[in-house]
file upload28.txt (compact mmCIF, C-alpha atoms)
# COMPACT_ATOMS: atom_id res chain seq x y z
CA MET A 1 14.79 64.25 1.56
CA ASN A 2 11.56 62.54 2.69
CA ARG A 3 10.26 62.51 -0.89
CA VAL A 4 13.41 60.78 -2.11
CA LEU A 5 13.22 58.21 0.67
CA LEU A 6 9.51 57.56 0.08
CA GLY A 7 10.05 57.37 -3.69
CA GLY A 8 12.86 54.85 -3.20
CA LEU A 9 10.73 52.76 -0.87
CA ALA A 10 7.84 52.82 -3.34
CA CYS A 11 10.11 51.73 -6.20
CA GLY A 12 11.65 48.99 -4.07
CA LEU A 13 8.22 47.70 -3.07
CA ALA A 14 7.03 47.74 -6.69
CA LEU A 15 10.10 45.74 -7.78
CA LEU A 16 9.60 43.25 -4.96
CA LEU A 17 5.93 42.74 -5.86
CA ALA A 18 6.76 42.30 -9.53
CA ALA A 19 9.46 39.75 -8.75
CA CYS A 20 7.24 37.77 -6.40
CA SER A 21 4.15 37.70 -8.59
CA SER A 22 5.90 36.80 -11.84
CA GLY A 23 7.43 33.55 -10.53
CA LEU A 24 4.30 31.40 -10.72
CA SER A 25 2.12 30.45 -13.62
CA ASP A 26 -1.36 28.94 -13.35
CA ASN A 27 -1.23 27.45 -16.84
CA GLY A 28 0.94 24.37 -16.25
CA PRO A 29 0.65 20.65 -16.94
CA LEU A 30 -1.85 20.21 -14.08
CA GLY A 31 -4.29 22.67 -15.65
CA ASN A 32 -5.52 25.94 -14.26
CA SER A 33 -8.29 27.18 -12.05
CA GLY A 34 -10.82 27.54 -14.87
CA GLN A 35 -13.41 25.27 -13.31
CA ASN A 36 -16.67 25.43 -11.40
CA SER A 37 -16.59 26.96 -7.98
CA GLY A 38 -18.80 26.56 -4.99
CA THR A 39 -18.47 25.76 -1.32
CA LEU A 40 -18.09 22.24 0.03
CA CYS A 41 -19.46 21.81 3.54
CA TYR A 42 -18.48 19.03 5.95
CA THR A 43 -19.30 18.97 9.66
CA ALA A 44 -16.65 18.20 12.26
CA THR A 45 -16.85 17.03 15.84
CA ARG A 46 -15.33 19.18 18.58
CA GLY A 47 -11.54 18.82 18.27
CA GLY A 48 -11.99 16.64 15.18
CA VAL A 49 -10.77 16.83 11.61
CA VAL A 50 -12.37 16.56 8.18
CA GLN A 51 -10.96 14.92 5.05
CA ASP A 52 -11.60 16.30 1.57
CA GLY A 53 -10.63 14.31 -1.50
CA PHE A 54 -13.05 15.99 -3.86
CA GLU A 55 -10.34 17.74 -5.95
CA GLU A 56 -9.35 15.80 -9.06
CA PHE A 57 -7.23 16.81 -12.04
CA ASN A 58 -5.06 15.52 -14.90
CA ASP A 59 -1.36 15.75 -15.67
CA THR A 60 -1.34 16.66 -19.36
CA ASP A 61 2.42 16.52 -19.89
CA GLY A 62 5.44 15.12 -18.11
CA THR A 63 6.42 14.68 -14.49
CA VAL A 64 5.80 17.24 -11.75
CA THR A 65 6.77 17.53 -8.09
CA VAL A 66 4.22 18.96 -5.66
CA ASP A 67 5.95 21.38 -3.28
CA ARG A 68 3.07 22.29 -1.00
CA VAL A 69 -0.65 22.80 -0.57
CA ALA A 70 -2.20 25.85 1.10
CA LEU A 71 -5.68 27.00 2.02
CA VAL A 72 -6.65 30.32 0.42
CA HIS A 73 -7.97 32.93 2.86
CA PRO A 74 -8.38 30.47 5.73
CA ARG A 75 -10.45 31.61 8.68
CA HIS A 76 -10.34 29.35 11.73
CA LEU A 77 -9.30 26.42 9.52
CA ARG A 78 -5.89 24.73 9.56
CA LEU A 79 -4.42 22.36 6.97
CA ILE A 80 -3.13 19.23 8.76
CA ALA A 81 -1.95 16.94 5.92
CA ALA A 82 -2.12 16.39 2.16
CA TRP A 83 -1.62 13.47 -0.25
CA ILE A 84 -1.78 12.75 -3.98
CA GLY A 85 -3.33 9.62 -5.49
CA GLU A 86 -2.65 8.72 -9.13
CA GLY A 87 -4.49 6.53 -11.62
CA ASN A 88 -7.17 4.35 -10.15
CA THR A 89 -5.97 4.88 -6.58
CA PRO A 90 -9.00 4.79 -4.26
CA ILE A 91 -8.85 8.32 -2.91
CA GLY A 92 -11.48 11.02 -3.15
CA ARG A 93 -13.08 10.41 0.20
CA VAL A 94 -14.88 13.17 2.08
CA GLY A 95 -16.17 13.47 5.61
CA ARG A 96 -15.13 13.32 9.23
CA GLY A 97 -11.86 11.89 10.45
CA TYR A 98 -8.53 10.99 8.95
CA PRO A 99 -8.25 8.98 5.73
CA HIS A 100 -6.46 5.64 5.66
CA PRO A 101 -3.63 6.23 3.15
CA THR A 102 -2.45 3.30 1.08
CA LYS A 103 1.11 2.73 -0.12
CA ALA A 104 0.02 4.24 -3.46
CA TRP A 105 -0.72 7.62 -1.87
CA LYS A 106 2.09 10.17 -2.08
CA ARG A 107 2.62 12.56 0.80
CA ILE A 108 2.98 16.29 0.10
CA PRO A 109 5.53 17.92 0.04
CA GLY A 110 7.62 15.97 -2.44
CA ALA A 111 4.87 13.98 -4.19
CA ILE A 112 5.91 13.14 -7.76
CA ILE A 113 3.10 12.95 -10.32
CA HIS A 114 3.38 11.36 -13.77
CA HIS A 115 1.48 12.01 -16.99
CA ASN A 116 -1.85 10.18 -16.81
CA HIS A 117 -3.75 8.53 -19.65
CA GLY A 118 -7.33 7.85 -20.66
CA GLN A 119 -9.94 7.94 -17.92
CA GLU A 120 -7.41 8.04 -15.08
CA VAL A 121 -7.51 11.06 -12.82
CA ILE A 122 -5.28 12.34 -10.06
CA ASN A 123 -6.78 13.27 -6.70
CA LEU A 124 -5.69 15.69 -4.00
CA GLU A 125 -6.70 14.54 -0.50
CA ILE A 126 -6.38 16.99 2.41
CA VAL A 127 -7.16 16.94 6.11
CA VAL A 128 -8.30 20.18 7.77
CA LYS A 129 -9.13 21.09 11.35
CA PRO A 130 -11.43 23.91 12.43
CA THR A 131 -10.03 26.03 15.27
CA ALA A 132 -13.33 27.73 16.13
CA LYS A 133 -17.06 27.01 15.81
CA LEU A 134 -16.81 27.57 12.02
CA GLY A 135 -13.74 27.17 9.81
CA THR A 136 -13.65 28.37 6.21
CA ALA A 137 -11.33 28.77 3.21
CA THR A 138 -12.16 30.28 -0.18
CA ALA A 139 -10.08 27.81 -2.25
CA ILE A 140 -7.10 25.43 -2.17
CA ASP A 141 -3.77 26.16 -3.88
CA MET A 142 -1.35 23.42 -4.91
CA TYR A 143 2.20 24.61 -5.70
CA TYR A 144 4.31 22.43 -7.98
CA GLU A 145 7.36 22.38 -10.26
CA ALA A 146 7.76 20.93 -13.76
CA ASP A 147 10.92 21.18 -15.87
CA GLY A 148 12.32 23.95 -13.66
CA THR A 149 9.20 26.13 -13.82
CA HIS A 150 7.02 26.74 -10.76
CA TYR A 151 3.24 26.68 -11.04
CA VAL A 152 0.17 27.01 -8.88
CA ARG A 153 -3.02 25.01 -9.42
CA ARG A 154 -6.05 26.56 -7.72
CA PHE A 155 -9.02 24.41 -6.78
CA THR A 156 -11.77 27.00 -6.63
CA ASP A 157 -14.22 25.17 -4.38
CA GLY A 158 -14.24 26.77 -0.96
CA LEU A 159 -14.48 24.85 2.32
CA LYS A 160 -16.92 25.37 5.17
CA VAL A 161 -16.45 23.26 8.31
CA PRO A 162 -18.92 23.88 11.16
CA VAL A 163 -18.19 22.17 14.48
CA GLY A 164 -21.13 20.15 15.79
CA GLY A 165 -23.59 21.96 13.53
CA LYS A 166 -25.18 21.25 10.21
CA CYS A 167 -24.24 22.45 6.75
call {"tool": "encode", "arguments": {"input": "upload28.txt", "output": "structure tokens"}}
result
Amino acid sequence: MNRVLLGGLACGLALLLAACSSGLSDNGPLGNSGQNSGTLCYTATRGGVVQDGFEEFNDTDGTVTVDRVALVHPRHLRLIAAWIGEGNTPIGRVGRGYPHPTKAWKRIPGAIIHHNHGQEVINLEIVVKPTAKLGTATAIDMYYEADGTHYVRRFTDGLKVPVGGKC
């Protein structure tokens, strides 16, 4: 009887994993994670935050809605806020403190992005806060939907945020 129960649990878990992992594609209109990777380091003051607007991308086709942004493998680092800036929107800042969003910035969740043209790029701007002497994340994931399909766009640069120290 234990073998049957364990076998049923194993099958159920396998079905659950297959269902969960097959719902997202990384090859959507916002591109995929096939880019350079490294670690971006910004210092924070005690109790302070850091803004990162280094992630830029293109929308190759249609309109998408950004559902959420998440840090990948965060350790002592918390995501506070996220925005999208389209076209020639002055975003892409990095460093200590909060950014000063303009009316053109779109808050996530719910940011709608349109197909961009020519030299225009789209930027992701996030604010993170370290919760210990050193906060880290290995990457940033942006979850979005286009034409009823759900995608994930991974920005492969990791984050390193020391408090009061140097990079």
call {"tool": "atom_distance", "arguments": {"input": "upload28.txt", "atom1": "CA of Arg107 (chain A)", "atom2": "CA of Asn58 (chain A)"}}
result
17.7 Å
call {"tool": "atom_distance", "arguments": {"input": "upload28.txt", "atom1": "CA of Thr39 (chain A)", "atom2": "CA of Arg68 (chain A)"}}
result
21.8 Å
call {"tool": "atom_distance", "arguments": {"input": "upload28.txt", "atom1": "CA of Gly97 (chain A)", "atom2": "CA of Thr65 (chain A)"}}
result
26.9 Å
call {"tool": "closest_residue", "arguments": {"input": "upload28.txt", "among": "A:Gly164, A:Gly85, A:Ile80, A:Gly62", "to": "Lys133 (chain A)", "atoms": "only C-alpha atoms"}}
result
A:Gly164
call {"tool": "residues_around", "arguments": {"input": "upload28.txt", "residues": "region 144-158 of chain A", "least_positions_apart": "2", "cutoff": "6 Å", "atoms": "all atoms listed in the file", "output": "list in words"}}
result
Leu24, Ser25, Asp26, Asn32, Ser33, Ser37, Gly38, Thr39, Val64, Thr65, Val66, Asp67, Ala137, Thr138, Ala139, Ile140, Asp141 and Met142 of chain A
call {"tool": "closest_residue", "arguments": {"input": "upload28.txt", "among": "A:Gly95, A:Gly48, A:Gly165, A:Pro29", "to": "Thr63 (chain A)", "atoms": "only C-alpha atoms"}}
result
A:Pro29
call {"tool": "build_atoms", "arguments": {"input": "upload28.txt", "residues": "region 50-78 of chain A", "atoms": "N, CA and C atoms", "output": "short mmCIF file (atom, residue, chain, number, x, y, z; two decimals), in the coordinates of the input"}}
result
data_model
loop_
_atom_site.label_atom_id
_atom_site.label_comp_id
_atom_site.auth_asym_id
_atom_site.auth_seq_id
_atom_site.Cartn_x
_atom_site.Cartn_y
_atom_site.Cartn_z
N VAL A 50 -11.56 16.92 9.34
CA VAL A 50 -12.37 16.56 8.18
C VAL A 50 -11.42 16.26 7.03
N GLN A 51 -11.74 15.23 6.25
CA GLN A 51 -10.96 14.92 5.05
C GLN A 51 -11.74 15.35 3.82
N ASP A 52 -11.00 15.86 2.82
CA ASP A 52 -11.60 16.30 1.57
C ASP A 52 -10.76 15.76 0.43
N GLY A 53 -11.31 14.86 -0.34
CA GLY A 53 -10.63 14.31 -1.50
C GLY A 53 -11.41 14.58 -2.77
N PHE A 54 -12.17 15.65 -2.77
CA PHE A 54 -13.05 15.99 -3.86
C PHE A 54 -12.31 16.56 -5.07
N GLU A 55 -11.08 17.08 -4.88
CA GLU A 55 -10.34 17.74 -5.95
C GLU A 55 -9.64 16.72 -6.83
N GLU A 56 -10.01 16.69 -8.11
CA GLU A 56 -9.35 15.80 -9.06
C GLU A 56 -8.89 16.61 -10.27
N PHE A 57 -7.84 16.09 -10.92
CA PHE A 57 -7.23 16.81 -12.04
C PHE A 57 -6.46 15.83 -12.90
N ASN A 58 -5.88 16.32 -13.99
CA ASN A 58 -5.06 15.52 -14.90
C ASN A 58 -3.68 16.12 -15.02
N ASP A 59 -2.70 15.29 -15.34
CA ASP A 59 -1.36 15.75 -15.67
C ASP A 59 -1.23 15.60 -17.17
N THR A 60 -1.29 16.70 -17.90
CA THR A 60 -1.34 16.66 -19.36
C THR A 60 0.02 16.46 -20.02
N ASP A 61 1.12 16.62 -19.25
CA ASP A 61 2.42 16.52 -19.89
C ASP A 61 3.53 16.37 -18.85
N GLY A 62 4.22 15.27 -18.88
CA GLY A 62 5.44 15.12 -18.11
C GLY A 62 5.26 14.78 -16.65
N THR A 63 6.35 15.00 -15.91
CA THR A 63 6.42 14.68 -14.49
C THR A 63 6.51 15.97 -13.70
N VAL A 64 5.76 16.05 -12.60
CA VAL A 64 5.80 17.24 -11.75
C VAL A 64 6.04 16.81 -10.31
N THR A 65 6.56 17.74 -9.52
CA THR A 65 6.77 17.53 -8.09
C THR A 65 5.92 18.55 -7.34
N VAL A 66 5.08 18.07 -6.44
CA VAL A 66 4.22 18.96 -5.66
C VAL A 66 5.01 19.44 -4.45
N ASP A 67 5.17 20.77 -4.35
CA ASP A 67 5.95 21.38 -3.28
C ASP A 67 5.14 21.58 -2.00
N ARG A 68 3.91 22.04 -2.18
CA ARG A 68 3.07 22.29 -1.00
C ARG A 68 1.64 22.54 -1.41
N VAL A 69 0.77 22.48 -0.41
CA VAL A 69 -0.65 22.80 -0.57
C VAL A 69 -0.99 23.84 0.49
N ALA A 70 -1.83 24.80 0.14
CA ALA A 70 -2.20 25.85 1.10
C ALA A 70 -3.67 26.20 0.93
N LEU A 71 -4.31 26.50 2.05
CA LEU A 71 -5.68 27.00 2.02
C LEU A 71 -5.63 28.48 1.64
N VAL A 72 -6.58 28.93 0.83
CA VAL A 72 -6.65 30.32 0.42
C VAL A 72 -7.63 31.04 1.35
N HIS A 73 -7.19 32.13 1.93
CA HIS A 73 -7.97 32.93 2.86
C HIS A 73 -8.61 32.08 3.97
N PRO A 74 -7.78 31.28 4.66
CA PRO A 74 -8.38 30.47 5.73
C PRO A 74 -8.83 31.33 6.90
N ARG A 75 -9.94 30.94 7.48
CA ARG A 75 -10.45 31.61 8.68
C ARG A 75 -10.86 30.50 9.64
N HIS A 76 -10.09 30.38 10.71
CA HIS A 76 -10.34 29.35 11.73
C HIS A 76 -10.29 27.94 11.14
N LEU A 77 -9.44 27.74 10.13
CA LEU A 77 -9.30 26.42 9.52
C LEU A 77 -7.82 26.19 9.24
N ARG A 78 -7.31 25.04 9.69
CA ARG A 78 -5.89 24.73 9.56
C ARG A 78 -5.71 23.47 8.72
#
